[in-house]
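See below for structure-v3.pdb, which holds PDB, C-alpha atoms, pLDDT in the B column.
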```
ATOM      1  CA  MET A   8     -17.732  18.192   3.547  1.00 63.00           C
ATOM      2  CA  GLU A   9     -18.205  17.730  -0.176  1.00 69.00           C
ATOM      3  CA  THR A  10     -21.128  15.514  -1.140  1.00 81.00           C
ATOM      4  CA  VAL A  11     -20.780  13.401  -4.272  1.00 87.00           C
ATOM      5  CA  GLU A  12     -23.455  11.571  -6.216  1.00 91.00           C
ATOM      6  CA  LEU A  13     -23.582   7.847  -6.815  1.00 93.00           C
ATOM      7  CA  ALA A  14     -25.995   6.145  -9.205  1.00 93.00           C
ATOM      8  CA  ALA A  15     -27.834   3.171  -7.708  1.00 95.00           C
ATOM      9  CA  GLU A  16     -30.689   0.828  -8.555  1.00 94.00           C
ATOM     10  CA  ILE A  17     -32.627  -1.849  -6.728  1.00 93.00           C
ATOM     11  CA  ARG A  18     -31.471  -5.349  -7.627  1.00 91.00           C
ATOM     12  CA  ALA A  19     -32.990  -8.807  -7.458  1.00 86.00           C
ATOM     13  CA  THR A  20     -31.510 -11.153  -4.875  1.00 81.00           C
ATOM     14  CA  ARG A  21     -32.524 -14.374  -6.630  1.00 81.00           C
ATOM     15  CA  PRO A  22     -31.039 -16.324  -8.225  1.00 79.00           C
ATOM     16  CA  LYS A  23     -27.545 -16.077  -6.737  1.00 76.00           C
ATOM     17  CA  SER A  24     -26.047 -16.233 -10.224  1.00 77.00           C
ATOM     18  CA  ARG A  25     -27.438 -12.720 -10.700  1.00 81.00           C
ATOM     19  CA  ARG A  26     -24.504 -11.381  -8.646  1.00 83.00           C
ATOM     20  CA  HIS A  27     -21.977 -12.854 -11.044  1.00 84.00           C
ATOM     21  CA  GLU A  28     -23.901 -11.387 -13.962  1.00 86.00           C
ATOM     22  CA  LEU A  29     -23.825  -7.925 -12.336  1.00 87.00           C
ATOM     23  CA  ARG A  30     -20.052  -8.114 -11.912  1.00 87.00           C
ATOM     24  CA  ARG A  31     -19.596  -9.124 -15.550  1.00 87.00           C
ATOM     25  CA  GLN A  32     -21.554  -5.989 -16.463  1.00 89.00           C
ATOM     26  CA  GLY A  33     -19.211  -3.780 -14.432  1.00 90.00           C
ATOM     27  CA  ARG A  34     -21.569  -3.370 -11.478  1.00 92.00           C
ATOM     28  CA  ILE A  35     -21.344  -4.784  -7.976  1.00 93.00           C
ATOM     29  CA  PRO A  36     -24.017  -5.929  -5.523  1.00 94.00           C
ATOM     30  CA  ALA A  37     -24.462  -3.779  -2.430  1.00 95.00           C
ATOM     31  CA  VAL A  38     -26.744  -3.361   0.587  1.00 95.00           C
ATOM     32  CA  LEU A  39     -28.271  -0.159   1.943  1.00 96.00           C
ATOM     33  CA  TYR A  40     -29.359  -0.033   5.583  1.00 94.00           C
ATOM     34  CA  GLY A  41     -29.740   2.388   8.473  1.00 91.00           C
ATOM     35  CA  PRO A  42     -31.428   2.970  11.850  1.00 85.00           C
ATOM     36  CA  LYS A  43     -34.718   3.763  10.120  1.00 81.00           C
ATOM     37  CA  THR A  44     -34.079   1.927   6.862  1.00 84.00           C
ATOM     38  CA  LYS A  45     -34.628  -1.758   6.291  1.00 88.00           C
ATOM     39  CA  ALA A  46     -31.892  -3.556   4.428  1.00 92.00           C
ATOM     40  CA  THR A  47     -32.293  -3.015   0.683  1.00 94.00           C
ATOM     41  CA  ALA A  48     -30.363  -4.841  -2.035  1.00 94.00           C
ATOM     42  CA  ILE A  49     -28.946  -2.400  -4.585  1.00 95.00           C
ATOM     43  CA  ALA A  50     -26.488  -2.408  -7.491  1.00 95.00           C
ATOM     44  CA  ILE A  51     -23.908   0.271  -8.311  1.00 94.00           C
ATOM     45  CA  SER A  52     -21.154   0.855 -10.841  1.00 93.00           C
ATOM     46  CA  ALA A  53     -17.793  -0.511  -9.666  1.00 90.00           C
ATOM     47  CA  VAL A  54     -15.872   2.145 -11.611  1.00 90.00           C
ATOM     48  CA  GLU A  55     -18.045   4.944 -10.233  1.00 90.00           C
ATOM     49  CA  LEU A  56     -17.653   3.734  -6.656  1.00 90.00           C
ATOM     50  CA  ARG A  57     -13.887   3.488  -7.030  1.00 88.00           C
ATOM     51  CA  SER A  58     -13.737   7.095  -8.231  1.00 86.00           C
ATOM     52  CA  ARG A  59     -15.860   8.246  -5.279  1.00 84.00           C
ATOM     53  CA  VAL A  60     -13.938   6.371  -2.628  1.00 81.00           C
ATOM     54  CA  SER A  61     -10.232   6.607  -1.871  1.00 66.00           C
ATOM     55  CA  ALA A  62      -7.981   5.672   1.024  1.00 50.00           C
ATOM     56  CA  SER A  63      -7.837   9.327   2.097  1.00 50.00           C
ATOM     57  CA  ALA A  64     -11.601   9.906   1.952  1.00 54.00           C
ATOM     58  CA  ARG A  65     -13.183   6.613   2.987  1.00 58.00           C
ATOM     59  CA  GLN A  66     -16.038   8.292   4.898  1.00 66.00           C
ATOM     60  CA  ARG A  67     -17.065  10.614   2.094  1.00 78.00           C
ATOM     61  CA  LEU A  68     -20.747  11.496   2.164  1.00 88.00           C
ATOM     62  CA  MET A  69     -22.662  10.392  -0.942  1.00 91.00           C
ATOM     63  CA  ARG A  70     -26.123  11.109  -2.289  1.00 93.00           C
ATOM     64  CA  LEU A  71     -27.751   8.281  -4.181  1.00 94.00           C
ATOM     65  CA  LYS A  72     -29.300   9.080  -7.550  1.00 94.00           C
ATOM     66  CA  SER A  73     -31.862   6.595  -8.796  1.00 94.00           C
ATOM     67  CA  SER A  74     -35.060   6.298 -10.778  1.00 92.00           C
ATOM     68  CA  SER A  75     -36.509   4.503  -7.763  1.00 91.00           C
ATOM     69  CA  PRO A  76     -38.073   6.817  -5.112  1.00 90.00           C
ATOM     70  CA  GLU A  77     -36.904   4.384  -2.442  1.00 88.00           C
ATOM     71  CA  LEU A  78     -33.268   5.240  -3.185  1.00 92.00           C
ATOM     72  CA  ASN A  79     -33.234   8.682  -4.762  1.00 93.00           C
ATOM     73  CA  ASP A  80     -31.592  11.462  -2.724  1.00 92.00           C
ATOM     74  CA  ARG A  81     -30.666   9.175   0.176  1.00 93.00           C
ATOM     75  CA  HIS A  82     -27.464  10.303   1.921  1.00 94.00           C
ATOM     76  CA  VAL A  83     -25.116   7.448   2.708  1.00 94.00           C
ATOM     77  CA  ILE A  84     -21.575   6.650   3.768  1.00 92.00           C
ATOM     78  CA  VAL A  85     -19.576   3.521   2.982  1.00 90.00           C
ATOM     79  CA  LYS A  86     -19.514   1.109   5.895  1.00 89.00           C
ATOM     80  CA  ASP A  87     -17.644  -1.761   4.276  1.00 90.00           C
ATOM     81  CA  ILE A  88     -16.142  -2.740   0.932  1.00 91.00           C
ATOM     82  CA  GLN A  89     -15.166  -6.292   0.051  1.00 92.00           C
ATOM     83  CA  ARG A  90     -12.396  -6.858  -2.499  1.00 91.00           C
ATOM     84  CA  ALA A  91     -11.265  -9.835  -4.523  1.00 89.00           C
ATOM     85  CA  PRO A  92      -8.184 -11.347  -2.824  1.00 92.00           C
ATOM     86  CA  VAL A  93      -5.964 -11.366  -5.907  1.00 89.00           C
ATOM     87  CA  SER A  94      -7.148  -8.561  -8.194  1.00 88.00           C
ATOM     88  CA  GLY A  95      -8.341  -6.210  -5.437  1.00 87.00           C
ATOM     89  CA  ASN A  96     -11.492  -5.390  -7.432  1.00 88.00           C
ATOM     90  CA  PHE A  97     -14.624  -4.375  -5.541  1.00 90.00           C
ATOM     91  CA  VAL A  98     -17.035  -7.308  -5.195  1.00 92.00           C
ATOM     92  CA  HIS A  99     -19.533  -6.022  -2.593  1.00 93.00           C
ATOM     93  CA  ALA A 100     -20.296  -2.877  -0.589  1.00 93.00           C
ATOM     94  CA  ASP A 101     -22.367  -1.883   2.447  1.00 94.00           C
ATOM     95  CA  PHE A 102     -23.898   1.603   2.636  1.00 94.00           C
ATOM     96  CA  TYR A 103     -25.262   3.234   5.775  1.00 94.00           C
ATOM     97  CA  GLU A 104     -27.998   5.847   5.429  1.00 94.00           C
ATOM     98  CA  VAL A 105     -27.422   8.888   7.635  1.00 93.00           C
ATOM     99  CA  ASP A 106     -29.632  11.611   9.048  1.00 92.00           C
ATOM    100  CA  LEU A 107     -28.094  14.968   8.165  1.00 92.00           C
ATOM    101  CA  THR A 108     -29.397  16.488  11.405  1.00 93.00           C
ATOM    102  CA  ARG A 109     -27.896  13.922  13.770  1.00 93.00           C
ATOM    103  CA  PRO A 110     -24.212  13.489  14.709  1.00 94.00           C
ATOM    104  CA  LEU A 111     -22.549  10.184  13.953  1.00 92.00           C
ATOM    105  CA  ARG A 112     -19.232   8.549  14.698  1.00 92.00           C
ATOM    106  CA  VAL A 113     -16.825   7.774  11.882  1.00 91.00           C
ATOM    107  CA  SER A 114     -13.128   7.000  11.457  1.00 91.00           C
ATOM    108  CA  VAL A 115     -11.115   9.662   9.637  1.00 92.00           C
ATOM    109  CA  PRO A 116      -7.591   9.052   8.259  1.00 92.00           C
ATOM    110  CA  LEU A 117      -4.598  11.012   9.521  1.00 95.00           C
ATOM    111  CA  ARG A 118      -2.226  12.893   7.218  1.00 95.00           C
ATOM    112  CA  PHE A 119       1.252  13.628   8.593  1.00 97.00           C
ATOM    113  CA  THR A 120       2.729  16.895   7.333  1.00 97.00           C
ATOM    114  CA  GLY A 121       6.092  18.633   7.693  1.00 96.00           C
ATOM    115  CA  LYS A 122       9.535  17.195   8.410  1.00 96.00           C
ATOM    116  CA  ALA A 123      10.349  16.374  12.014  1.00 96.00           C
ATOM    117  CA  HIS A 124      13.528  17.812  13.570  1.00 96.00           C
ATOM    118  CA  GLY A 125      14.395  14.347  14.804  1.00 96.00           C
ATOM    119  CA  VAL A 126      14.291  12.959  11.268  1.00 96.00           C
ATOM    120  CA  ALA A 127      16.879  15.552  10.202  1.00 94.00           C
ATOM    121  CA  GLU A 128      19.099  14.201  12.986  1.00 93.00           C
ATOM    122  CA  GLY A 129      18.805  10.643  11.721  1.00 94.00           C
ATOM    123  CA  GLY A 130      15.662   9.547  13.544  1.00 96.00           C
ATOM    124  CA  ILE A 131      12.764   7.630  11.995  1.00 96.00           C
ATOM    125  CA  LEU A 132       9.224   9.005  11.882  1.00 97.00           C
ATOM    126  CA  GLN A 133       6.926   6.274  13.213  1.00 97.00           C
ATOM    127  CA  PRO A 134       3.135   6.720  12.877  1.00 97.00           C
ATOM    128  CA  LEU A 135       1.427   4.679  15.603  1.00 97.00           C
ATOM    129  CA  VAL A 136      -2.129   4.959  14.242  1.00 97.00           C
ATOM    130  CA  ARG A 137      -3.440   5.810  10.790  1.00 95.00           C
ATOM    131  CA  GLU A 138      -6.935   7.050  11.626  1.00 94.00           C
ATOM    132  CA  VAL A 139      -8.916   8.536  14.477  1.00 96.00           C
ATOM    133  CA  GLU A 140     -12.560   8.193  15.478  1.00 96.00           C
ATOM    134  CA  VAL A 141     -14.561  11.409  15.580  1.00 96.00           C
ATOM    135  CA  GLU A 142     -18.140  12.510  16.138  1.00 96.00           C
ATOM    136  CA  CYS A 143     -19.797  15.195  14.030  1.00 95.00           C
ATOM    137  CA  LEU A 144     -22.692  15.944  11.712  1.00 94.00           C
ATOM    138  CA  PRO A 145     -22.582  14.080   8.393  1.00 92.00           C
ATOM    139  CA  LEU A 146     -21.965  17.250   6.389  1.00 91.00           C
ATOM    140  CA  GLU A 147     -19.004  18.141   8.638  1.00 93.00           C
ATOM    141  CA  ILE A 148     -17.051  14.889   8.254  1.00 91.00           C
ATOM    142  CA  PRO A 149     -13.464  15.893   7.364  1.00 90.00           C
ATOM    143  CA  GLU A 150     -11.664  14.014   4.612  1.00 87.00           C
ATOM    144  CA  VAL A 151      -8.437  13.900   6.676  1.00 91.00           C
ATOM    145  CA  ILE A 152      -7.019  15.196   9.930  1.00 95.00           C
ATOM    146  CA  ASP A 153      -3.655  16.912   9.416  1.00 96.00           C
ATOM    147  CA  VAL A 154      -0.908  16.225  11.949  1.00 97.00           C
ATOM    148  CA  ASP A 155       2.080  18.608  11.846  1.00 97.00           C
ATOM    149  CA  VAL A 156       5.187  16.686  12.953  1.00 97.00           C
ATOM    150  CA  SER A 157       7.726  19.493  12.345  1.00 97.00           C
ATOM    151  CA  ALA A 158       8.470  20.111  16.053  1.00 96.00           C
ATOM    152  CA  LEU A 159       9.112  16.460  16.918  1.00 97.00           C
ATOM    153  CA  ASP A 160      12.578  15.583  18.179  1.00 97.00           C
ATOM    154  CA  ILE A 161      13.835  12.050  18.791  1.00 97.00           C
ATOM    155  CA  HIS A 162      11.645  10.295  21.411  1.00 96.00           C
ATOM    156  CA  ASP A 163       8.989  13.035  21.215  1.00 97.00           C
ATOM    157  CA  VAL A 164       5.367  11.904  20.919  1.00 98.00           C
ATOM    158  CA  ILE A 165       2.137  13.536  19.735  1.00 98.00           C
ATOM    159  CA  HIS A 166      -1.003  12.323  21.489  1.00 98.00           C
ATOM    160  CA  VAL A 167      -4.540  12.410  20.152  1.00 97.00           C
ATOM    161  CA  SER A 168      -5.487  15.183  22.606  1.00 96.00           C
ATOM    162  CA  ALA A 169      -2.922  17.469  20.938  1.00 96.00           C
ATOM    163  CA  LEU A 170      -4.460  17.190  17.452  1.00 97.00           C
ATOM    164  CA  THR A 171      -6.413  20.046  15.921  1.00 95.00           C
ATOM    165  CA  PHE A 172      -9.926  19.174  14.743  1.00 96.00           C
ATOM    166  CA  PRO A 173     -11.927  21.467  12.473  1.00 93.00           C
ATOM    167  CA  GLY A 174     -15.280  23.033  13.353  1.00 90.00           C
ATOM    168  CA  ASN A 175     -17.495  20.959  15.602  1.00 93.00           C
ATOM    169  CA  VAL A 176     -15.605  17.732  15.014  1.00 96.00           C
ATOM    170  CA  LYS A 177     -14.930  16.025  18.358  1.00 96.00           C
ATOM    171  CA  PRO A 178     -12.419  13.204  18.821  1.00 96.00           C
ATOM    172  CA  ILE A 179     -13.637  10.083  20.617  1.00 96.00           C
ATOM    173  CA  PHE A 180     -11.149   8.245  22.834  1.00 95.00           C
ATOM    174  CA  ASP A 181     -11.057   6.634  26.279  1.00 95.00           C
ATOM    175  CA  THR A 182      -7.331   7.150  26.846  1.00 96.00           C
ATOM    176  CA  ASP A 183      -4.982   9.798  25.502  1.00 97.00           C
ATOM    177  CA  TYR A 184      -3.172   7.421  23.162  1.00 97.00           C
ATOM    178  CA  PRO A 185      -0.020   8.302  21.150  1.00 97.00           C
ATOM    179  CA  VAL A 186      -0.428   9.039  17.467  1.00 98.00           C
ATOM    180  CA  VAL A 187       3.106   9.479  16.118  1.00 98.00           C
ATOM    181  CA  THR A 188       6.681   9.532  17.419  1.00 98.00           C
ATOM    182  CA  VAL A 189      10.285   9.758  16.196  1.00 97.00           C
ATOM    183  CA  LEU A 190      12.421   6.710  16.891  1.00 97.00           C
ATOM    184  CA  PRO A 191      16.192   6.973  17.452  1.00 95.00           C
ATOM    185  CA  PRO A 192      18.479   5.729  14.681  1.00 91.00           C
ATOM    186  CA  THR A 193      19.352   2.055  15.087  1.00 80.00           C
ATOM    187  CA  VAL A 194      21.457   1.267  11.981  1.00 58.00           C
ATOM    188  CA  ALA A 195      24.644   2.853  13.370  1.00 50.00           C
ATOM    189  CA  GLU A 196      24.537   0.740  16.534  1.00 49.00           C
ATOM    190  CA  ALA A 197      25.036  -2.580  14.739  1.00 50.00           C
ATOM    191  CA  PRO A 198      28.744  -2.081  13.764  1.00 54.00           C
ATOM    192  CA  VAL A 199      29.540  -0.933  17.315  1.00 54.00           C
ATOM    193  CA  ALA A 200      27.996  -4.047  18.791  1.00 53.00           C
ATOM    194  CA  ALA A 201      29.811  -6.253  16.286  1.00 54.00           C
ATOM    195  CA  ALA A 202      33.136  -4.576  17.085  1.00 53.00           C
ATOM    196  CA  ALA A 203      32.568  -5.121  20.811  1.00 53.00           C
ATOM    197  CA  GLU A 204      31.996  -8.816  20.230  1.00 58.00           C
ATOM    198  CA  ALA A 205      35.176  -9.067  18.141  1.00 55.00           C
ATOM    199  CA  VAL A 206      37.507  -7.565  20.844  1.00 53.00           C
ATOM    200  CA  PRO A 207      39.306 -10.452  22.642  1.00 56.00           C
ATOM    201  CA  VAL A 208      39.252 -10.566  26.435  1.00 50.00           C
ATOM    202  CA  GLU A 209      42.680 -10.097  28.007  1.00 53.00           C
ATOM    203  CA  GLY A 210      44.181 -13.455  28.990  1.00 49.00           C
ATOM    204  CA  ALA A 211      41.610 -15.465  27.073  1.00 46.00           C
ATOM    205  CA  GLU A 212      43.958 -16.190  24.185  1.00 48.00           C
ATOM    206  CA  GLY A 213      46.739 -17.328  26.554  1.00 46.00           C
ATOM    207  CA  ALA A 214      44.351 -19.575  28.434  1.00 44.00           C
ATOM    208  CA  GLU A 215      43.146 -21.153  25.235  1.00 48.00           C
ATOM    209  CA  GLY A 216      46.779 -21.636  24.055  1.00 48.00           C
ATOM    210  CA  ALA A 217      47.778 -23.283  27.304  1.00 46.00           C
ATOM    211  CA  ALA A 218      44.706 -25.474  27.403  1.00 45.00           C
ATOM    212  CA  ALA A 219      45.480 -27.053  24.018  1.00 44.00           C
ATOM    213  CA  PRO A 220      48.989 -28.378  24.869  1.00 48.00           C
ATOM    214  CA  ALA A 221      47.753 -29.512  28.292  1.00 46.00           C
ATOM    215  CA  ALA A 222      44.928 -31.479  26.704  1.00 45.00           C
ATOM    216  CA  ALA A 223      47.355 -33.029  24.200  1.00 45.00           C
ATOM    217  CA  ALA A 224      49.796 -33.961  26.938  1.00 46.00           C
ATOM    218  CA  GLY A 225      47.041 -35.560  28.985  1.00 48.00           C
ATOM    219  CA  ALA A 226      45.894 -37.604  26.024  1.00 45.00           C
ATOM    220  CA  GLU A 227      49.447 -38.772  25.282  1.00 50.00           C
ATOM    221  CA  GLY A 228      50.033 -39.784  28.913  1.00 49.00           C
ATOM    222  CA  ALA A 229      46.818 -41.751  28.986  1.00 44.00           C
ATOM    223  CA  ALA A 230      47.870 -43.599  25.835  1.00 42.00           C
ATOM    224  CA  LYS A 231      51.254 -44.527  27.349  1.00 46.00           C
ATOM    225  CA  GLU A 232      49.732 -45.775  30.569  1.00 46.00           C
ATOM    226  CA  GLY A 233      47.248 -47.807  28.626  1.00 45.00           C
ATOM    227  CA  GLY A 234      50.062 -49.341  26.609  1.00 43.00           C
ATOM    228  CA  LYS A 235      52.102 -50.243  29.692  1.00 43.00           C
ATOM    229  CA  GLY A 236      49.243 -51.725  31.624  1.00 46.00           C
ATOM    230  CA  GLY A 237      47.682 -53.534  28.708  1.00 45.00           C
ATOM    231  CA  ALA A 238      50.761 -55.563  27.573  1.00 41.00           C
ATOM    232  CA  PRO A 239      51.482 -57.439  30.868  1.00 43.00           C
ATOM    233  CA  GLU A 240      47.814 -58.229  31.303  1.00 46.00           C
ATOM    234  CA  ALA A 241      47.636 -59.648  27.783  1.00 43.00           C
ATOM    235  CA  ALA A 242      50.807 -61.719  28.380  1.00 39.00           C
ATOM    236  CA  LYS A 243      49.443 -63.137  31.610  1.00 46.00           C
ATOM    237  CA  GLY A 244      46.184 -64.041  29.946  1.00 48.00           C
ATOM    238  CA  GLY A 245      48.006 -65.826  27.102  1.00 45.00           C
ATOM    239  CA  ALA A 246      50.170 -67.833  29.498  1.00 42.00           C
ATOM    240  CA  LYS A 247      47.140 -68.990  31.452  1.00 45.00           C
ATOM    241  CA  GLU A 248      45.413 -70.147  28.276  1.00 45.00           C
ATOM    242  CA  ALA A 249      48.537 -72.063  27.169  1.00 40.00           C
ATOM    243  CA  ALA A 250      48.851 -73.783  30.554  1.00 41.00           C
ATOM    244  CA  GLY A 251      45.231 -74.753  30.515  1.00 46.00           C
ATOM    245  CA  GLY A 252      45.597 -76.236  27.048  1.00 43.00           C
ATOM    246  CA  LYS A 253      48.530 -78.426  28.057  1.00 42.00           C
ATOM    247  CA  ALA A 254      46.815 -79.638  31.147  1.00 41.00           C
ATOM    248  CA  GLY A 255      43.704 -80.541  29.234  1.00 44.00           C
ATOM    249  CA  GLY A 256      45.729 -82.433  26.644  1.00 45.00           C
ATOM    250  CA  GLY A 257      47.505 -84.473  29.305  1.00 42.00           C
ATOM    251  CA  GLN A 258      44.302 -85.634  30.896  1.00 42.00           C
ATOM    252  CA  LYS A 259      42.878 -86.728  27.567  1.00 41.00           C
ATOM    253  CA  LYS A 260      45.952 -88.789  26.752  1.00 41.00           C
ATOM    254  CA  GLY A 261      45.898 -90.665  30.043  1.00 35.00           C
TER     255      GLY A 261
END
```
Take the structure I supplied and represent it as structure tokens, if you would.
Amino acid sequence: METVELAAEIRATRPKSRRHELRRQGRIPAVLYGPKTKATAIAISAVELRSRVSASARQRLMRLKSSSPELNDRHVIVKDIQRAPVSGNFVHADFYEVDLTRPLRVSVPLRFTGKAHGVAEGGILQPLVREVEVECLPLEIPEVIDVDVSALDIHDVIHVSALTFPGNVKPIFDTDYPVVTVLPPTVAEAPVAAAAEAVPVEGAEGAEGAAAPAAAAGAEGAAKEGGKGGAPEAAKGGAKEAAGGKAGGGQKKG
């Protein structure tokens, strides 16, 4: 693996406003640590770090260059980078010092190459993971792991055990998980489903047509019955009230 250099210097941790001053100067605060290294506050160039680190080579091995003997010629990898939420600029970084003679575990990005047969038939290439954990010596860390998808048909899957790893790089996994597959086309199924919903069921239209007149007839009959029954009852009630009024008047007069 290619080793790149990164200029670094020890920084003061107090006052806290010093961090903002570093960022205004184009540098960012960082921390260096390791199994045999106590945490050390350092400062590095934001532009230089961005040029050394990319999405396809996140675990690139770096050698620190500094006027301080505590930092000079230390081999490190990036453990974490914090970015500003809006601008995406680097605001802080963590570096892990490695021993070149001891294997370590890192995550390496996957790069999918070729054109799957299933894609030519209308399928959709679907990566299921974007990186894989491996164990190797620091100088053997690959920048990417290539995954050839050319032989994939629709529904085919490539598992992590089928990947090819260079040199002494060993994949680390508990289960043989899938890495990439080709999904069947789904866009063409939508019009078919819509057409199926639009086809009327035989007899449904006739039933609906018959139900409407029947409902209307029932409503009309109910109205007629209500009219017939309501008039005599109202007449009887009026007669009773009139009789009561006359009777009451006669008693008052006597």
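Interatomic distance, CA of Ser157 (chain A) to CA of His124 (chain A): 6.2 Å.
Residues in contact with Asp160 (chain A) at 10 Å, where only C-alpha atoms are counted and same-chain residues fewer than 5 positions away are skipped, are listed as Ala123, His124, Gly125, Val126, Ala127, Glu128, Gly130, Leu132, Thr188, Val189, Leu190 and Pro191 of chain A.
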Exactly which residues make up the result of the PyMOL selection byres ((chain A and resi 38-45) around 7) on this file, given as a compact mmCIF listing (two decimals) with C-alpha atoms, keeping the file's coordinate frame?
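Here's the written file out-v2.txt:
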```
# COMPACT_ATOMS: atom_id res chain seq x y z
CA ALA A 37 -24.46 -3.78 -2.43
CA ALA A 46 -31.89 -3.56 4.43
CA THR A 47 -32.29 -3.02 0.68
CA ALA A 48 -30.36 -4.84 -2.04
CA ILE A 49 -28.95 -2.40 -4.58
CA ALA A 100 -20.30 -2.88 -0.59
CA ASP A 101 -22.37 -1.88 2.45
CA PHE A 102 -23.90 1.60 2.64
CA TYR A 103 -25.26 3.23 5.78
CA GLU A 104 -28.00 5.85 5.43
CA VAL A 105 -27.42 8.89 7.64
```
Using the chain letters and numbering of this document, enumerate as a count of residues only the residues selected by the PyMOL selection byres ((chain A and resi 169-179) around 12). 42
Got a sec to resolve the PyMOL selection byres ((chain A and resi 93-97) around 10) on this structure and send the residues as a ChimeraX atom specification? /A:30,34-36,52-54,56-57,88-92,98-100
What does the distance between CA of Arg137 (chain A) and CA of Thr108 (chain A) come to in Å, to one decimal place?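 One can read the CA of Arg137 (chain A) to CA of Thr108 (chain A) distance as 28.1 Å.
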When you draw a straight line from CA of Asp163 (chain A) to CA of Gln133 (chain A), how long is it in Å?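 Computed distance, CA of Asp163 (chain A) to CA of Gln133 (chain A), equals 10.7 Å.
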